[in-house]
$ cat start_19.txt   # compact mmCIF, C-alpha atoms
# COMPACT_ATOMS: atom_id res chain seq x y z
CA MET A 1 -19.28 -30.47 -33.61
CA ARG A 2 -16.09 -28.45 -33.33
CA ASN A 3 -17.74 -25.38 -34.86
CA ASN A 4 -20.51 -25.87 -32.43
CA LEU A 5 -18.03 -25.56 -29.57
CA TYR A 6 -16.81 -22.17 -30.80
CA TRP A 7 -20.37 -20.90 -30.96
CA GLN A 8 -20.93 -22.17 -27.44
CA LEU A 9 -17.86 -20.27 -26.24
CA ILE A 10 -19.19 -17.13 -27.89
CA ALA A 11 -22.64 -17.74 -26.42
CA VAL A 12 -21.11 -17.95 -22.94
CA PHE A 13 -18.62 -15.10 -23.02
CA ALA A 14 -20.19 -12.44 -25.25
CA PRO A 15 -23.22 -11.93 -22.97
CA LEU A 16 -20.94 -12.08 -19.91
CA SER A 17 -18.95 -9.27 -21.48
CA LEU A 18 -21.92 -6.93 -21.43
CA ILE A 19 -23.76 -7.97 -18.27
CA SER A 20 -20.80 -8.25 -15.91
CA LEU A 21 -20.98 -4.85 -14.31
CA GLY A 22 -18.44 -3.80 -11.78
CA GLY A 23 -15.41 -5.52 -13.24
CA GLY A 24 -13.32 -8.62 -12.72
CA GLN A 25 -14.61 -10.35 -9.62
CA SER A 26 -18.21 -10.62 -10.79
CA ILE A 27 -17.09 -11.89 -14.21
CA ILE A 28 -15.06 -14.69 -12.66
CA ALA A 29 -17.92 -15.94 -10.49
CA ASP A 30 -20.21 -16.00 -13.54
CA MET A 31 -17.61 -17.77 -15.66
CA ASN A 32 -17.15 -20.42 -12.99
CA LYS A 33 -20.86 -21.22 -12.96
CA GLN A 34 -21.17 -21.35 -16.75
CA VAL A 35 -18.03 -23.33 -17.46
CA VAL A 36 -18.23 -25.91 -14.67
CA GLU A 37 -21.89 -26.31 -13.75
CA PHE A 38 -23.76 -25.39 -16.90
CA HIS A 39 -21.53 -26.67 -19.71
CA GLY A 40 -19.40 -29.17 -17.80
CA TRP A 41 -16.31 -28.24 -19.82
CA MET A 42 -14.06 -28.92 -16.84
CA SER A 43 -14.11 -29.91 -13.19
CA GLN A 44 -14.14 -27.36 -10.39
CA ALA A 45 -10.55 -28.37 -9.57
CA ASP A 46 -9.51 -27.59 -13.16
CA PHE A 47 -11.20 -24.23 -12.96
CA VAL A 48 -9.45 -23.39 -9.70
CA ASP A 49 -6.15 -24.37 -11.37
CA LEU A 50 -6.77 -22.03 -14.29
CA PHE A 51 -7.82 -19.29 -11.91
CA GLY A 52 -4.57 -19.78 -9.99
CA ILE A 53 -2.51 -19.49 -13.17
CA SER A 54 -4.29 -16.32 -14.29
CA ARG A 55 -3.59 -14.81 -10.88
CA ALA A 56 0.05 -15.89 -10.87
CA ALA A 57 0.77 -14.52 -14.33
CA PRO A 58 1.18 -10.80 -14.95
CA GLY A 59 -1.54 -8.99 -16.87
CA PRO A 60 -5.26 -8.64 -16.21
CA GLY A 61 -6.96 -11.39 -14.22
CA SER A 62 -9.61 -11.59 -16.93
CA LEU A 63 -7.08 -13.48 -19.07
CA LEU A 64 -8.63 -16.44 -17.30
CA VAL A 65 -10.95 -16.45 -20.32
CA THR A 66 -7.98 -17.17 -22.62
CA LEU A 67 -7.06 -20.19 -20.51
CA ILE A 68 -10.63 -21.48 -20.49
CA GLY A 69 -10.83 -21.16 -24.28
CA TRP A 70 -7.49 -22.93 -24.63
CA LYS A 71 -8.56 -25.78 -22.33
CA VAL A 72 -11.89 -26.21 -24.12
CA ALA A 73 -10.80 -25.92 -27.75
CA GLY A 74 -7.07 -25.25 -28.09
CA PHE A 75 -5.60 -22.21 -29.82
CA PRO A 76 -8.71 -21.20 -31.81
CA GLY A 77 -10.76 -21.64 -28.65
CA ALA A 78 -8.45 -19.26 -26.79
CA VAL A 79 -8.81 -16.64 -29.53
CA VAL A 80 -12.60 -17.03 -29.86
CA ALA A 81 -13.26 -16.95 -26.11
CA SER A 82 -10.99 -13.94 -25.55
CA LEU A 83 -12.55 -11.94 -28.39
CA ALA A 84 -16.04 -12.85 -27.22
CA LEU A 85 -15.32 -11.51 -23.74
CA PHE A 86 -13.26 -8.45 -24.64
CA LEU A 87 -14.84 -7.17 -27.85
CA PRO A 88 -18.45 -6.25 -26.95
CA ALA A 89 -17.61 -4.40 -23.71
CA GLY A 90 -14.51 -2.95 -25.37
CA LEU A 91 -16.52 -1.45 -28.22
CA LEU A 92 -18.99 0.06 -25.79
CA ALA A 93 -16.14 1.54 -23.73
CA TYR A 94 -14.58 2.92 -26.90
CA PHE A 95 -17.71 4.76 -28.00
CA VAL A 96 -18.31 6.17 -24.53
CA ALA A 97 -14.67 7.29 -24.30
CA ARG A 98 -14.90 8.89 -27.74
CA ILE A 99 -17.97 10.91 -26.87
CA TRP A 100 -16.53 11.84 -23.49
CA ASN A 101 -13.10 12.85 -24.78
CA ARG A 102 -14.60 14.98 -27.53
CA HIS A 103 -15.50 17.60 -24.93
CA GLN A 104 -12.25 17.65 -23.04
CA GLY A 105 -10.97 21.04 -21.98
CA ARG A 106 -14.42 22.57 -21.49
CA ALA A 107 -15.20 23.92 -18.04
CA TRP A 108 -18.15 21.60 -17.40
CA HIS A 109 -16.08 18.64 -18.56
CA ARG A 110 -13.31 19.45 -16.12
CA ALA A 111 -15.89 19.80 -13.35
CA CYS A 112 -17.28 16.36 -14.26
CA GLU A 113 -13.84 14.79 -14.06
CA ARG A 114 -13.25 16.47 -10.75
CA GLY A 115 -16.58 15.15 -9.45
CA LEU A 116 -15.91 11.59 -10.64
CA ALA A 117 -12.30 11.40 -9.42
CA PRO A 118 -13.04 10.76 -5.72
CA ILE A 119 -15.28 7.85 -6.70
CA ALA A 120 -12.39 6.12 -8.45
CA THR A 121 -10.13 6.85 -5.49
CA GLY A 122 -12.71 5.43 -3.09
CA LEU A 123 -13.11 2.31 -5.22
CA LEU A 124 -9.33 1.78 -5.39
CA VAL A 125 -8.96 1.93 -1.61
CA THR A 126 -12.04 -0.23 -1.12
CA SER A 127 -11.01 -2.88 -3.65
CA ALA A 128 -7.64 -3.21 -1.94
CA PHE A 129 -9.43 -3.79 1.36
CA VAL A 130 -12.03 -6.19 -0.06
CA ILE A 131 -9.49 -8.35 -1.90
CA LEU A 132 -7.28 -8.49 1.16
CA SER A 133 -10.14 -9.62 3.41
CA SER A 134 -11.06 -12.34 0.90
CA THR A 135 -7.57 -13.93 0.93
CA SER A 136 -6.60 -16.65 3.36
CA GLY A 137 -6.73 -14.01 6.08
CA GLU A 138 -3.23 -14.59 7.39
CA VAL A 139 -1.95 -11.71 9.49
CA SER A 140 1.33 -11.72 7.58
CA LEU A 141 -0.49 -10.81 4.35
CA TRP A 142 -2.12 -7.78 5.97
CA ILE A 143 1.22 -6.64 7.35
CA ILE A 144 2.92 -7.12 3.97
CA ALA A 145 0.17 -5.23 2.15
CA PHE A 146 0.32 -2.27 4.53
CA ALA A 147 4.12 -2.23 4.58
CA ALA A 148 4.14 -2.25 0.76
CA ALA A 149 1.56 0.55 0.70
CA ALA A 150 3.70 2.62 3.09
CA ILE A 151 6.78 2.08 0.94
CA PHE A 152 4.89 3.08 -2.23
CA VAL A 153 3.51 6.21 -0.54
CA LEU A 154 6.88 7.28 0.86
CA ARG A 155 9.00 6.32 -2.15
CA PRO A 156 6.76 6.63 -5.23
CA GLY A 157 9.75 6.43 -7.56
CA LEU A 158 10.80 2.96 -6.45
CA ASN A 159 10.46 0.13 -8.98
CA PRO A 160 7.30 -1.78 -7.97
CA LEU A 161 8.77 -5.10 -9.07
CA LEU A 162 11.38 -4.81 -6.34
CA VAL A 163 8.70 -4.33 -3.69
CA LEU A 164 6.42 -7.05 -5.09
CA GLY A 165 9.30 -9.54 -5.29
CA SER A 166 10.33 -8.80 -1.71
CA ALA A 167 6.71 -9.14 -0.60
CA GLY A 168 6.57 -12.61 -2.15
CA VAL A 169 9.85 -13.74 -0.60
CA VAL A 170 8.88 -12.41 2.85
CA GLN A 171 5.56 -14.23 2.81
CA MET A 172 7.29 -17.41 1.68
CA LEU A 173 9.91 -17.23 4.45
CA VAL A 174 7.34 -16.37 7.12
CA GLN A 175 5.22 -19.37 6.16
CA ILE A 176 8.23 -21.68 6.12
CA ALA A 177 9.26 -20.40 9.56
CA LEU A 178 5.75 -21.00 10.90
CA ARG A 179 5.42 -24.49 9.50
CA MET B 1 -11.01 3.76 -37.99
CA THR B 2 -9.50 7.15 -38.59
CA ASP B 3 -7.13 8.87 -36.28
CA ARG B 4 -9.19 11.42 -34.44
CA ARG B 5 -6.22 13.45 -33.35
CA GLU B 6 -6.85 16.14 -35.95
CA THR B 7 -10.26 16.80 -34.46
CA ILE B 8 -9.63 16.29 -30.78
CA GLY B 9 -5.96 17.23 -30.77
CA GLN B 10 -6.71 20.94 -30.58
CA ALA B 11 -8.03 20.59 -27.07
CA PRO B 12 -5.45 21.77 -24.57
CA GLY B 13 -3.51 19.34 -22.47
CA VAL B 14 -3.13 16.36 -24.82
CA PRO B 15 0.59 15.70 -25.09
CA GLN B 16 2.29 14.38 -28.21
CA VAL B 17 2.53 10.66 -27.63
CA SER B 18 3.47 8.23 -30.39
CA LEU B 19 1.75 4.89 -30.96
CA ALA B 20 5.06 3.15 -30.33
CA GLN B 21 5.31 4.81 -26.92
CA ILE B 22 1.78 3.68 -26.06
CA MET B 23 2.55 0.16 -27.22
CA LEU B 24 5.78 -0.12 -25.27
CA LEU B 25 4.26 1.24 -22.09
CA PHE B 26 1.18 -1.00 -22.11
CA ALA B 27 3.17 -4.08 -23.13
CA ARG B 28 5.55 -3.45 -20.26
CA ILE B 29 2.67 -3.10 -17.80
CA GLY B 30 0.99 -6.23 -19.20
CA LEU B 31 4.17 -8.26 -18.70
CA THR B 32 5.33 -6.96 -15.32
CA SER B 33 2.12 -6.43 -13.33
CA PHE B 34 2.46 -9.49 -11.14
CA GLY B 35 -0.18 -9.93 -8.45
CA GLY B 36 -2.85 -7.80 -10.16
CA GLY B 37 -3.71 -4.19 -9.40
CA LEU B 38 -3.14 -3.02 -12.99
CA SER B 39 -5.04 0.25 -12.60
CA ALA B 40 -2.45 1.31 -10.05
CA TRP B 41 0.39 0.35 -12.41
CA ILE B 42 -1.17 2.33 -15.22
CA TYR B 43 -1.67 5.31 -12.91
CA ARG B 44 1.97 5.24 -11.87
CA GLU B 45 3.22 5.26 -15.43
CA VAL B 46 0.66 7.42 -17.22
CA VAL B 47 0.09 10.09 -14.55
CA ASP B 48 3.14 10.02 -12.27
CA ARG B 49 5.96 9.14 -14.57
CA TYR B 50 5.14 10.26 -18.11
CA ARG B 51 2.42 12.83 -17.30
CA TRP B 52 0.37 11.89 -20.33
CA MET B 53 -2.71 13.07 -18.44
CA GLY B 54 -3.61 14.77 -15.19
CA GLU B 55 -4.85 13.02 -12.11
CA ASP B 56 -8.50 14.11 -12.48
CA GLU B 57 -8.55 13.09 -16.15
CA PHE B 58 -7.22 9.67 -15.23
CA LEU B 59 -9.50 9.12 -12.24
CA GLY B 60 -12.56 10.42 -14.13
CA GLY B 61 -11.80 7.83 -16.83
CA LEU B 62 -11.23 5.14 -14.22
CA THR B 63 -14.65 5.83 -12.70
CA MET B 64 -16.24 5.36 -16.10
CA ALA B 65 -14.19 2.22 -16.68
CA GLN B 66 -15.58 0.84 -13.44
CA ILE B 67 -19.20 1.68 -14.19
CA LEU B 68 -19.20 0.26 -17.72
CA PRO B 69 -19.43 -3.51 -18.20
CA GLY B 70 -16.29 -5.50 -18.89
CA PRO B 71 -12.92 -5.69 -17.18
CA ASN B 72 -11.95 -2.28 -15.69
CA VAL B 73 -8.34 -2.32 -16.87
CA ILE B 74 -9.39 -2.91 -20.43
CA ASN B 75 -11.94 -0.12 -20.36
CA LEU B 76 -9.33 2.13 -18.79
CA SER B 77 -6.75 1.31 -21.48
CA ILE B 78 -9.30 2.03 -24.18
CA TYR B 79 -10.06 5.39 -22.58
CA ILE B 80 -6.39 6.35 -22.31
CA GLY B 81 -5.57 5.21 -25.84
CA GLN B 82 -8.57 7.08 -27.22
CA ARG B 83 -7.62 10.25 -25.42
CA LEU B 84 -4.01 10.19 -26.58
CA ARG B 85 -4.35 8.93 -30.15
CA GLY B 86 -7.98 8.25 -31.01
CA GLY B 87 -9.30 4.85 -32.12
CA ILE B 88 -5.97 3.46 -33.20
CA GLY B 89 -4.56 4.50 -29.82
CA SER B 90 -7.23 2.42 -28.05
CA LEU B 91 -6.47 -0.57 -30.22
CA VAL B 92 -2.72 -0.33 -29.64
CA ALA B 93 -3.11 0.15 -25.87
CA VAL B 94 -5.45 -2.82 -25.40
CA GLY B 95 -3.56 -5.06 -27.82
CA ALA B 96 -0.24 -4.35 -26.12
CA LEU B 97 -1.75 -4.86 -22.69
CA LEU B 98 -3.40 -8.18 -23.54
CA LEU B 99 -1.44 -10.06 -26.20
CA PRO B 100 1.95 -10.57 -24.49
CA PRO B 101 0.50 -11.85 -21.18
CA MET B 102 -1.98 -13.96 -23.16
CA VAL B 103 0.90 -15.88 -24.71
CA LEU B 104 2.66 -16.05 -21.36
CA VAL B 105 -0.38 -17.39 -19.53
CA VAL B 106 -0.76 -20.25 -22.02
CA ILE B 107 2.91 -21.13 -21.61
CA LEU B 108 2.45 -21.08 -17.83
CA LEU B 109 -0.44 -23.51 -18.22
CA GLY B 110 2.08 -26.05 -19.48
CA ILE B 111 4.44 -25.78 -16.52
CA PHE B 112 1.94 -25.02 -13.76
CA HIS B 113 1.14 -28.63 -13.01
CA ARG B 114 4.72 -29.31 -12.12
CA PHE B 115 5.03 -26.39 -9.68
CA GLY B 116 1.54 -25.22 -8.85
CA ASP B 117 1.01 -27.62 -5.98
CA LEU B 118 4.19 -26.69 -4.15
CA PRO B 119 3.24 -24.80 -0.99
CA TRP B 120 6.12 -22.33 -1.24
CA VAL B 121 5.05 -21.32 -4.74
CA HIS B 122 1.59 -20.65 -3.37
CA ASP B 123 3.03 -18.54 -0.52
CA LEU B 124 5.26 -16.60 -2.89
CA LEU B 125 2.31 -15.74 -5.13
CA GLU B 126 0.15 -14.73 -2.18
CA GLY B 127 2.90 -12.43 -0.94
CA ILE B 128 3.24 -10.83 -4.37
CA ALA B 129 -0.53 -10.33 -4.53
CA ALA B 130 -0.46 -8.71 -1.08
CA GLY B 131 2.29 -6.37 -2.32
CA ALA B 132 0.16 -5.48 -5.37
CA ILE B 133 -2.76 -4.71 -3.05
CA GLY B 134 -0.40 -2.36 -1.24
CA LEU B 135 0.37 -0.66 -4.56
CA THR B 136 -3.33 -0.13 -5.28
CA PHE B 137 -3.87 1.14 -1.76
CA SER B 138 -0.97 3.59 -2.05
CA VAL B 139 -2.38 5.12 -5.23
CA GLY B 140 -5.70 5.59 -3.43
CA VAL B 141 -4.03 7.12 -0.38
CA ARG B 142 -1.91 9.52 -2.42
CA SER B 143 -4.77 10.82 -4.51
CA ALA B 144 -6.99 11.05 -1.42
CA ARG B 145 -4.28 13.16 0.21
CA ARG B 146 -4.08 15.48 -2.77
CA ALA B 147 -7.86 15.76 -3.00
CA ALA B 148 -8.07 16.56 0.71
CA ALA B 149 -5.56 19.39 0.31
CA ARG B 150 -7.96 20.99 -2.19
CA HIS B 151 -11.29 20.56 -0.45
CA TYR B 152 -12.95 18.38 2.16
CA TRP B 153 -15.82 16.91 0.08
CA PRO B 154 -13.71 14.42 -1.96
CA LEU B 155 -12.48 12.89 1.30
CA LEU B 156 -16.07 12.50 2.52
CA MET B 157 -16.99 10.70 -0.71
CA ILE B 158 -13.98 8.39 -0.49
CA LEU B 159 -14.93 7.56 3.10
CA ALA B 160 -18.58 7.00 2.15
CA ILE B 161 -17.57 4.53 -0.57
CA PHE B 162 -15.27 2.68 1.79
CA VAL B 163 -17.95 2.35 4.46
CA MET B 164 -20.80 1.38 2.11
CA ILE B 165 -18.95 -0.99 -0.23
CA GLY B 166 -15.99 -2.10 1.89
CA LEU B 167 -17.58 -2.46 5.32
CA MET B 168 -21.33 -2.81 4.68
CA ARG B 169 -20.68 -4.84 1.50
CA TRP B 170 -23.41 -3.07 -0.45
CA PRO B 171 -23.27 -3.75 -4.21
CA MET B 172 -20.89 -1.41 -5.99
CA LEU B 173 -22.98 -0.24 -8.92
CA PRO B 174 -26.01 1.29 -7.13
CA VAL B 175 -23.74 2.98 -4.58
CA VAL B 176 -21.61 4.53 -7.33
CA LEU B 177 -24.62 5.58 -9.40
CA CYS B 178 -26.07 7.37 -6.36
CA LEU B 179 -22.78 9.11 -5.57
CA ILE B 180 -22.12 10.37 -9.10
CA PRO B 181 -24.68 13.21 -8.94
CA VAL B 182 -23.35 14.15 -5.49
CA GLY B 183 -19.79 14.36 -6.84
CA LEU B 184 -20.83 16.34 -9.91
CA TRP B 185 -22.85 18.76 -7.80
CA ALA B 186 -19.98 19.29 -5.34
CA ALA B 187 -17.44 19.79 -8.13
CA TRP B 188 -19.71 22.23 -9.93
CA ARG B 189 -20.26 24.30 -6.80
CA GLU B 190 -16.56 24.35 -5.98
CA ARG B 191 -15.74 25.69 -9.43

$ encode --input "start_19.txt" --output "structure tokens"
Amino acid sequence: MRNNLYWQLIAVFAPLSLISLGGGQSIIADMNKQVVEFHGWMSQADFVDLFGISRAAPGPGSLLVTLIGWKVAGFPGAVVASLALFLPAGLLAYFVARIWNRHQGRAWHRACERGLAPIATGLLVTSAFVILSSTSGEVSLWIIAFAAAAIFVLRPGLNPLLVLGSAGVVQMLVQIALR
Amino acid sequence: MTDRRETIGQAPGVPQVSLAQIMLLFARIGLTSFGGGLSAWIYREVVDRYRWMGEDEFLGGLTMAQILPGPNVINLSIYIGQRLRGGIGSLVAVGALLLPPMVLVVILLGIFHRFGDLPWVHDLLEGIAAGAIGLTFSVGVRSARRAAARHYWPLLMILAIFVMIGLMRWPMLPVVLCLIPVGLWAAWRER
């Protein structure tokens, strides 16, 4: 029965690893469906809790998978679920990176990097905008985000933790003042 | 997995970086990147601060990390580790990025129920996340500014992505796959 659970975790997360194109957000929506609706491992409220913790903690948001594994089957569950999600896509990325990096320094390779770079830049700017518009939509969050961006542009050497901490405190105080 | 440095190390522009340096850097990012936006953190450290790779090398890798399946940050760490120290470099980068916050997140699970429902905790976290969005945005703005100083086409591409994915909400993958040949063509002509 217990073994069965590990295989189920692998069966959920290993395919997700390879079909979730476009990164974190799409993975989380898929996980939610699988874990709550399909397998019934936890309630939607539990899932939202775990999602909240993975967002609150430092590190990649995809560590949500570790929490799901832990909730479903304890420590081994956390390990199995994490490996199932990270390993298949990770191996693929490794082989692509290896082939790609083998040609570094060549003229055509540099031109490729130069051609791909604006796409990453565009996606960074866009993801910031998309995530911001999907939050609670409070004006204070938009102001904080743009103020933080301005500070980071003007003073790139500043420790980000200082800015992030201040951003958190400001939002907290603003909300207390408004309540 | 053998260290590929002997074979790829001859290529110009790969600095001498030890595995311990990679481990320390990625562990630090994994443990301090509150509010998300890890790609921006990694950019700050790897490109701005330590200059382990140039901006185009980093952003080219980030584009690939975003196209390939799986979490972007993990793909990006694998790419950076591979470039600096081969297979073992990838393993060290990803391991250092994931393992410490993995332990932390499980510990947080234990105390979350006591504090998670407090409204001020929620506000604090939302503010931190907004600050992290600002960090991501600033990295985008700074590299857009540098790209614009070189030529006008990168700025057009950045704008096109923002309009199509950000405003029109078209799916990311087809948009990016269509723009890749455009970018390659423009970069090749500029050469």

$ residues_around --input "start_19.txt" --residues "Cys112 in chain A" --least-positions-apart "6" --cutoff "12 Å" --atoms "all atoms listed in the file" --output "list in words"
Trp100, Asn101, His103, Gln104, Gly105, Arg106, Pro118 and Ile119 of chain A; Asp56, Glu57, Leu59, Gly60, Gly61, Thr63, Met64, Ile180, Pro181, Val182, Gly183, Leu184, Trp185, Ala186, Ala187, Trp188, Arg189, Glu190 and Arg191 of chain B

$ atom_distance --input "start_19.txt" --atom1 "CA of Gln175 in chain A" --atom2 "CA of Gly131 in chain B"
15.8 Å

$ residues_around --input "start_19.txt" --residues "Val139 in chain A" --least-positions-apart "6" --cutoff "12 Å" --atoms "only C-alpha atoms" --output "number ranges by chain"
A: 132-133, 145-146, 171, 174-175; B: 127, 130

$ write_last_selection --input "start_19.txt" --atoms "C-alpha atoms" --output "compact mmCIF listing (two decimals), in the coordinates of the input"
# COMPACT_ATOMS: atom_id res chain seq x y z
CA LEU A 132 -7.28 -8.49 1.16
CA SER A 133 -10.14 -9.62 3.41
CA ALA A 145 0.17 -5.23 2.15
CA PHE A 146 0.32 -2.27 4.53
CA GLN A 171 5.56 -14.23 2.81
CA VAL A 174 7.34 -16.37 7.12
CA GLN A 175 5.22 -19.37 6.16
CA GLY B 127 2.90 -12.43 -0.94
CA ALA B 130 -0.46 -8.71 -1.08

$ residues_around --input "start_19.txt" --residues "Phe13 in chain A" --least-positions-apart "3" --cutoff "7 Å" --atoms "only C-alpha atoms" --output "list of chain:residue names"
A:Leu9, A:Ile10, A:Leu16, A:Ser17, A:Ala81, A:Ala84, A:Leu85

$ atom_distance --input "start_19.txt" --atom1 "CA of Leu173 in chain A" --atom2 "CA of Leu135 in chain B"
21.1 Å

$ closest_residue --input "start_19.txt" --among "B:Pro174, B:Phe34, B:Val163, B:Arg44" --to "chain A" --atoms "all atoms listed in the file"
B:Phe34

$ residues_around --input "start_19.txt" --residues "Ala150 in chain A" --least-positions-apart "6" --cutoff "12 Å" --atoms "all atoms listed in the file" --output "ChimeraX atom specification"
/A:143-144,156,158,163 /B:131,133-142

$ axis_aligned_box --input "start_19.txt" --around "range 63-76 of chain B" --padding-each-side "5 Å" --output "JSON"
{"center_x": -13.9, "center_y": 0.1, "center_z": -16.6, "size_x": 21.1, "size_y": 21.5, "size_z": 17.7}

$ closest_residue --input "start_19.txt" --among "B:Ile67, B:Met23, B:Val92, B:Ala149" --to "chain A" --atoms "all atoms listed in the file"
B:Ile67

$ residues_around --input "start_19.txt" --residues "Phe58 in chain B" --least-positions-apart "6" --cutoff "9 Å" --atoms "all atoms listed in the file" --output "MDAnalysis selection string"
(chainID A and resid 113 117) or (chainID B and resid 43 46:47 76 79:80)

$ closest_residue --input "start_19.txt" --among "A:Ala11, A:Val36, A:Met42, A:Ala97" --to "chain B" --atoms "only C-alpha atoms"
A:Ala97

$ atom_distance --input "start_19.txt" --atom1 "CA of Gly157 in chain A" --atom2 "CA of Leu24 in chain B"
19.3 Å

$ closest_residue --input "start_19.txt" --among "A:Leu64, A:Leu5, A:Ile99, A:Ala89" --to "chain B" --atoms "all atoms listed in the file"
A:Ala89

$ closest_residue --input "start_19.txt" --among "B:Ala65, B:Ile74, B:Gly54, B:Leu38" --to "Phe86 in chain A" --atoms "all atoms listed in the file"
B:Ile74

$ closest_residue --input "start_19.txt" --among "B:Leu31, B:Leu177, B:Val103, B:Met168" --to "chain A" --atoms "all atoms listed in the file"
B:Leu31

$ residues_near_point --input "start_19.txt" --point "(1.9, 6.2, -15.1)" --cutoff "10 Å" --atoms "all atoms listed in the file" --output "compact mmCIF listing (two decimals) with C-alpha atoms, in the frame of the given file"
# COMPACT_ATOMS: atom_id res chain seq x y z
CA LEU B 25 4.26 1.24 -22.09
CA ILE B 29 2.67 -3.10 -17.80
CA SER B 39 -5.04 0.25 -12.60
CA ALA B 40 -2.45 1.31 -10.05
CA TRP B 41 0.39 0.35 -12.41
CA ILE B 42 -1.17 2.33 -15.22
CA TYR B 43 -1.67 5.31 -12.91
CA ARG B 44 1.97 5.24 -11.87
CA GLU B 45 3.22 5.26 -15.43
CA VAL B 46 0.66 7.42 -17.22
CA VAL B 47 0.09 10.09 -14.55
CA ASP B 48 3.14 10.02 -12.27
CA ARG B 49 5.96 9.14 -14.57
CA TYR B 50 5.14 10.26 -18.11
CA ARG B 51 2.42 12.83 -17.30
CA TRP B 52 0.37 11.89 -20.33
CA MET B 53 -2.71 13.07 -18.44
CA PHE B 58 -7.22 9.67 -15.23

$ residues_near_point --input "start_19.txt" --point "(-18.4, -2.1, 1.3)" --cutoff "12 Å" --atoms "all atoms listed in the file" --output "JSON, numbers by chain"
{"A": [122, 123, 124, 125, 126, 127, 128, 129, 130, 131, 133], "B": [158, 159, 160, 161, 162, 163, 164, 165, 166, 167, 168, 169, 170, 171, 172, 173, 174, 175, 176]}
